[in-house]
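Remarks on the structure that follows.
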Amino acid sequence: MTDELRSIRWTGTSVRIIDQTSLPHALSYLDIDDVDSLVDAIARLAVRGAPALGAAGALGVVVAMRQGRREGWSDDRLAGEVARLRSARPTAANLAWAVDRVAPLIGEGEAETLAAALQIVADDEAANRAIGRRGADWILQHVTHRPVRVLTHCNAGLLATTAWGSALGIVRELRDRDALGLVYVDETRPLLQGARLTAWELGQEAIAHLVQVDAAAASTILSGKVDVAIIGADRIAANGDTANKIGSLGVALACHDAGIPFVVAAPESTLDAGTATGEGIPIEMRPEAEVVTWLGVQTAPASSGAHNPAFDVTPARLVSVLVTEARTVEPGKGERPADAVTAGAL
């Protein structure tokens, strides 16, 4: 399944994405050839996950160029549309990173811009494969129990990337090495990316898993049923603080108390070396309706408001290891992921 399925690709005239809002009930696709539709797809999480958003942003620049040519946009209008795409989701570093990589090539023409965007897509898959290998190596060196029992939170699989996955890439690599045991999948409220997406991916490959409510995670960890938690990240600060789906912090705290590794898997492009700590990471606030309604039915009193941050920040001291395609960094031991970058090591 992973060799055939791609969350995002270029058709030659449009961006084709898996509509993640339709899963797990249906595998359907959206072909997008205008900026409004792409921004809408990003906002309503039809495409999501930091690396996938990076690919969408890069290809979205080409979409904007083609739309601008069709509709006779001025250079200022094109720049404004690209800027709107860049800021469609503020927490995910990869979206802005990818747009900033591709947009300077607009003046060189569509072919050059598209080539750069497609290179970002290809590089992400290669990065995910490398993350899987590095992460599995680290876990097998630091976890003695066999097979390794894993807990995940949210979705950092092929749906959140261009292929293979970051956190789930490690899970797949453990499976391929015959070292994977049961996977506990946090449902990930309020939009159930774990129950809908991660469980769907694992089910497609017959990987044994159990879906659990988010509130069960700490108990599952502290009762000795889990050997390692593996999550992705939407942005990583220079000191190793990591932003990921809301609820990740609670998993990290439980892992710290239980004395088991908390692993963050993400490509180098997720590192925001310009943000010193997690305090500087912007946290997206989602609509209140996601919390107080379900499938259009009010689940809380109509007078109730909702607090709905999409992400939380896990302090570096709780992160056992940060795995990228290039290296492993152990923020919990005081290692800073930005140091190698600023020192020119990468």
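Naming works like this for the structure tokens: A, B, ... for the chains as they're shown, residue 1 at the start of each chain, ligands 1 onward in shown order.
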task = Mind the document's chain letters and residue numbers, and return as a PyMOL selection string the residues of stretch 14-202 of chain A that DSSP labels strand (DSSP E).
result = chain A and resi 15-18+29-32+148-152+180-186
Find the nearest atom pair between each residue of stretch 106-223 of chain A and stretch 64-67 of chain A for residues within 12 Å, count only C-alpha atoms, give distances in Å to one decimal, sort rows by chain and ascending number, and present the table as a Markdown table.
```
| residue | atom | partner | partner_atom | distance |
| --- | --- | --- | --- | --- |
| A:Ile106 | CA | A:Met65 | CA | 7.7 |
| A:Gly107 | CA | A:Met65 | CA | 10.2 |
| A:Glu108 | CA | A:Met65 | CA | 11.6 |
| A:Gly109 | CA | A:Met65 | CA | 8.9 |
| A:Glu110 | CA | A:Met65 | CA | 7.2 |
| A:Ala111 | CA | A:Met65 | CA | 10.8 |
| A:Glu112 | CA | A:Met65 | CA | 11.9 |
| A:Thr113 | CA | A:Met65 | CA | 9.3 |
| A:Leu114 | CA | A:Met65 | CA | 10.0 |
```
Residues of stretch 145-168 of chain A at most 12 Å from stretch 201-206 of chain A: nearest atom pair and distance in Å, only C-alpha atoms, as JSON lines:
```
{"residue": "A:Thr152", "atom": "CA", "partner": "A:Leu202", "partner_atom": "CA", "distance": 11.4}
{"residue": "A:Asn155", "atom": "CA", "partner": "A:Glu201", "partner_atom": "CA", "distance": 9.3}
{"residue": "A:Ala156", "atom": "CA", "partner": "A:Glu201", "partner_atom": "CA", "distance": 10.3}
{"residue": "A:Gly157", "atom": "CA", "partner": "A:Glu201", "partner_atom": "CA", "distance": 7.5}
{"residue": "A:Leu158", "atom": "CA", "partner": "A:Glu201", "partner_atom": "CA", "distance": 8.0}
{"residue": "A:Leu159", "atom": "CA", "partner": "A:Glu201", "partner_atom": "CA", "distance": 8.2}
{"residue": "A:Ala160", "atom": "CA", "partner": "A:Glu201", "partner_atom": "CA", "distance": 11.0}
{"residue": "A:Ala163", "atom": "CA", "partner": "A:Glu201", "partner_atom": "CA", "distance": 11.6}
{"residue": "A:Trp164", "atom": "CA", "partner": "A:Glu201", "partner_atom": "CA", "distance": 10.2}
{"residue": "A:Gly165", "atom": "CA", "partner": "A:Glu201", "partner_atom": "CA", "distance": 10.2}
{"residue": "A:Leu168", "atom": "CA", "partner": "A:Leu202", "partner_atom": "CA", "distance": 8.8}
```
What would the file look like if the residues just selected were written as a short mmCIF file (atom, residue, chain, number, x, y, z; two decimals), in the first residue's frame with N, CA and C atoms?
```
data_model
loop_
_atom_site.label_atom_id
_atom_site.label_comp_id
_atom_site.auth_asym_id
_atom_site.auth_seq_id
_atom_site.Cartn_x
_atom_site.Cartn_y
_atom_site.Cartn_z
N THR A 152 1.18 6.03 19.74
CA THR A 152 1.25 7.17 18.84
C THR A 152 0.15 8.17 19.20
N ASN A 155 -1.59 11.83 13.70
CA ASN A 155 -1.17 11.07 12.53
C ASN A 155 0.08 11.69 11.95
N ALA A 156 1.16 10.92 11.94
CA ALA A 156 2.40 11.34 11.30
C ALA A 156 2.84 10.22 10.36
N GLY A 157 1.90 9.78 9.54
CA GLY A 157 2.14 8.71 8.60
C GLY A 157 2.26 9.23 7.19
N LEU A 158 2.02 8.37 6.23
CA LEU A 158 2.13 8.80 4.84
C LEU A 158 1.08 9.87 4.50
N LEU A 159 -0.04 9.86 5.21
CA LEU A 159 -1.06 10.88 4.96
C LEU A 159 -0.58 12.27 5.37
N ALA A 160 0.29 12.34 6.35
CA ALA A 160 0.79 13.63 6.84
C ALA A 160 2.06 14.07 6.14
N ALA A 163 4.92 10.51 1.53
CA ALA A 163 4.91 9.05 1.44
C ALA A 163 5.66 8.50 2.65
N TRP A 164 5.29 7.28 3.07
CA TRP A 164 5.96 6.51 4.12
C TRP A 164 5.67 7.02 5.52
N GLY A 165 5.91 8.29 5.80
CA GLY A 165 5.60 8.84 7.11
C GLY A 165 6.84 9.08 7.95
N LEU A 168 5.19 7.30 11.85
CA LEU A 168 4.75 5.98 11.39
C LEU A 168 5.78 5.35 10.46
#
```
ask   = Using only C-alpha atoms, which residue out of A:Ala88, A:Ala302, A:Leu192, A:Val251 lies closest to A:Thr314?
value =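 So, comparing all the options, the nearest one is A:Val251.
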task = Excluding stretch 39-50 of chain A and any residue of its chain fewer than 6 positions from it, enumerate the residues within 8 Å of it, using only C-alpha atoms, and give them as number ranges by chain.
result = A: 7, 17-21, 56, 84-85, 88-89, 92-95, 155-156, 159-161, 233-234, 270
File of the preceding selection, C-alpha atoms, as a PDB file, in the first residue's frame:
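This is the output file part_13.pdb:
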```pdb
ATOM      1  CA  SER A   7      -1.043  11.969  -0.068  1.00  0.00           C
ATOM      2  CA  ILE A  17      -4.523  15.372  -2.680  1.00  0.00           C
ATOM      3  CA  ILE A  18      -6.173  12.622  -0.698  1.00  0.00           C
ATOM      4  CA  ASP A  19      -9.183  14.234   0.969  1.00  0.00           C
ATOM      5  CA  GLN A  20      -8.391  13.280   4.547  1.00  0.00           C
ATOM      6  CA  THR A  21     -11.795  14.443   5.742  1.00  0.00           C
ATOM      7  CA  ALA A  56       1.121  21.637  -0.770  1.00  0.00           C
ATOM      8  CA  ARG A  84      -2.042  33.979   1.747  1.00  0.00           C
ATOM      9  CA  LEU A  85      -1.086  30.417   0.969  1.00  0.00           C
ATOM     10  CA  ALA A  88      -2.862  29.299   5.793  1.00  0.00           C
ATOM     11  CA  ARG A  89      -1.795  27.409   8.935  1.00  0.00           C
ATOM     12  CA  ALA A  92       3.372  24.217  10.788  1.00  0.00           C
ATOM     13  CA  ALA A  93       6.865  25.434   9.910  1.00  0.00           C
ATOM     14  CA  ASN A  94       7.096  23.384   6.719  1.00  0.00           C
ATOM     15  CA  LEU A  95       4.354  25.322   4.918  1.00  0.00           C
ATOM     16  CA  ASN A 155      -1.167  11.070  12.528  1.00  0.00           C
ATOM     17  CA  ALA A 156       2.402  11.339  11.296  1.00  0.00           C
ATOM     18  CA  LEU A 159      -1.057  10.878   4.960  1.00  0.00           C
ATOM     19  CA  ALA A 160       0.786  13.626   6.844  1.00  0.00           C
ATOM     20  CA  THR A 161       3.798  13.504   4.537  1.00  0.00           C
ATOM     21  CA  ALA A 233       6.095  17.618  15.034  1.00  0.00           C
ATOM     22  CA  ASP A 234       4.754  20.686  13.271  1.00  0.00           C
ATOM     23  CA  THR A 270      10.484  21.388  10.631  1.00  0.00           C
TER      24      THR A 270
END
```
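Distance-wise, atom CA of A:Pro24 and atom CA of A:Arg177 end up 27.4 Å apart.
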query = How far is it from atom CA of A:Gly169 to atom CA of A:Glu125, in Å with one decimal?
reply = 10.0 Å
Surrounding residues of A:Asp272 excluding itself and chain neighbours under 5 positions, 8 Å, only C-alpha atoms, as a PyMOL selection string = chain A and resi 93+235-238
request  = Find the residues around A:Leu318 up to 10 Å (only C-alpha atoms counted), leave out those fewer than 2 positions away in its own chain, and share them as number ranges by chain.
outcome  = A: 240-242, 249, 251-257, 261-263, 314-316, 320-321, 330-333
ask   = Near A:Ala55, within 8 Å and counting only C-alpha atoms, which residues show up once chain neighbours fewer than 4 positions away are dropped, as a PyMOL selection string?
value = chain A and resi 8+51+59+95+98+117+120-121+162
Just the residues within 7 Å of A:Glu325, please, counting only C-alpha atoms, with nothing from its chain fewer than 6 positions along; format it as an mmCIF file with C-alpha atoms, in the first residue's frame.
```cif
data_model
loop_
_atom_site.group_PDB
_atom_site.id
_atom_site.type_symbol
_atom_site.label_atom_id
_atom_site.label_comp_id
_atom_site.auth_asym_id
_atom_site.auth_seq_id
_atom_site.Cartn_x
_atom_site.Cartn_y
_atom_site.Cartn_z
ATOM 1 C CA ALA A 127 13.748 12.030 4.348
ATOM 2 C CA ASN A 128 10.919 9.912 5.734
ATOM 3 C CA ALA A 130 15.863 7.919 6.496
ATOM 4 C CA ILE A 131 13.911 8.981 9.599
ATOM 5 C CA PRO A 267 12.341 16.295 8.852
ATOM 6 C CA GLU A 268 15.005 18.967 9.195
#
```
query = What is the atom CA of A:Ile281 to atom CA of A:Ser22 distance in Å?
reply = 29.8 Å
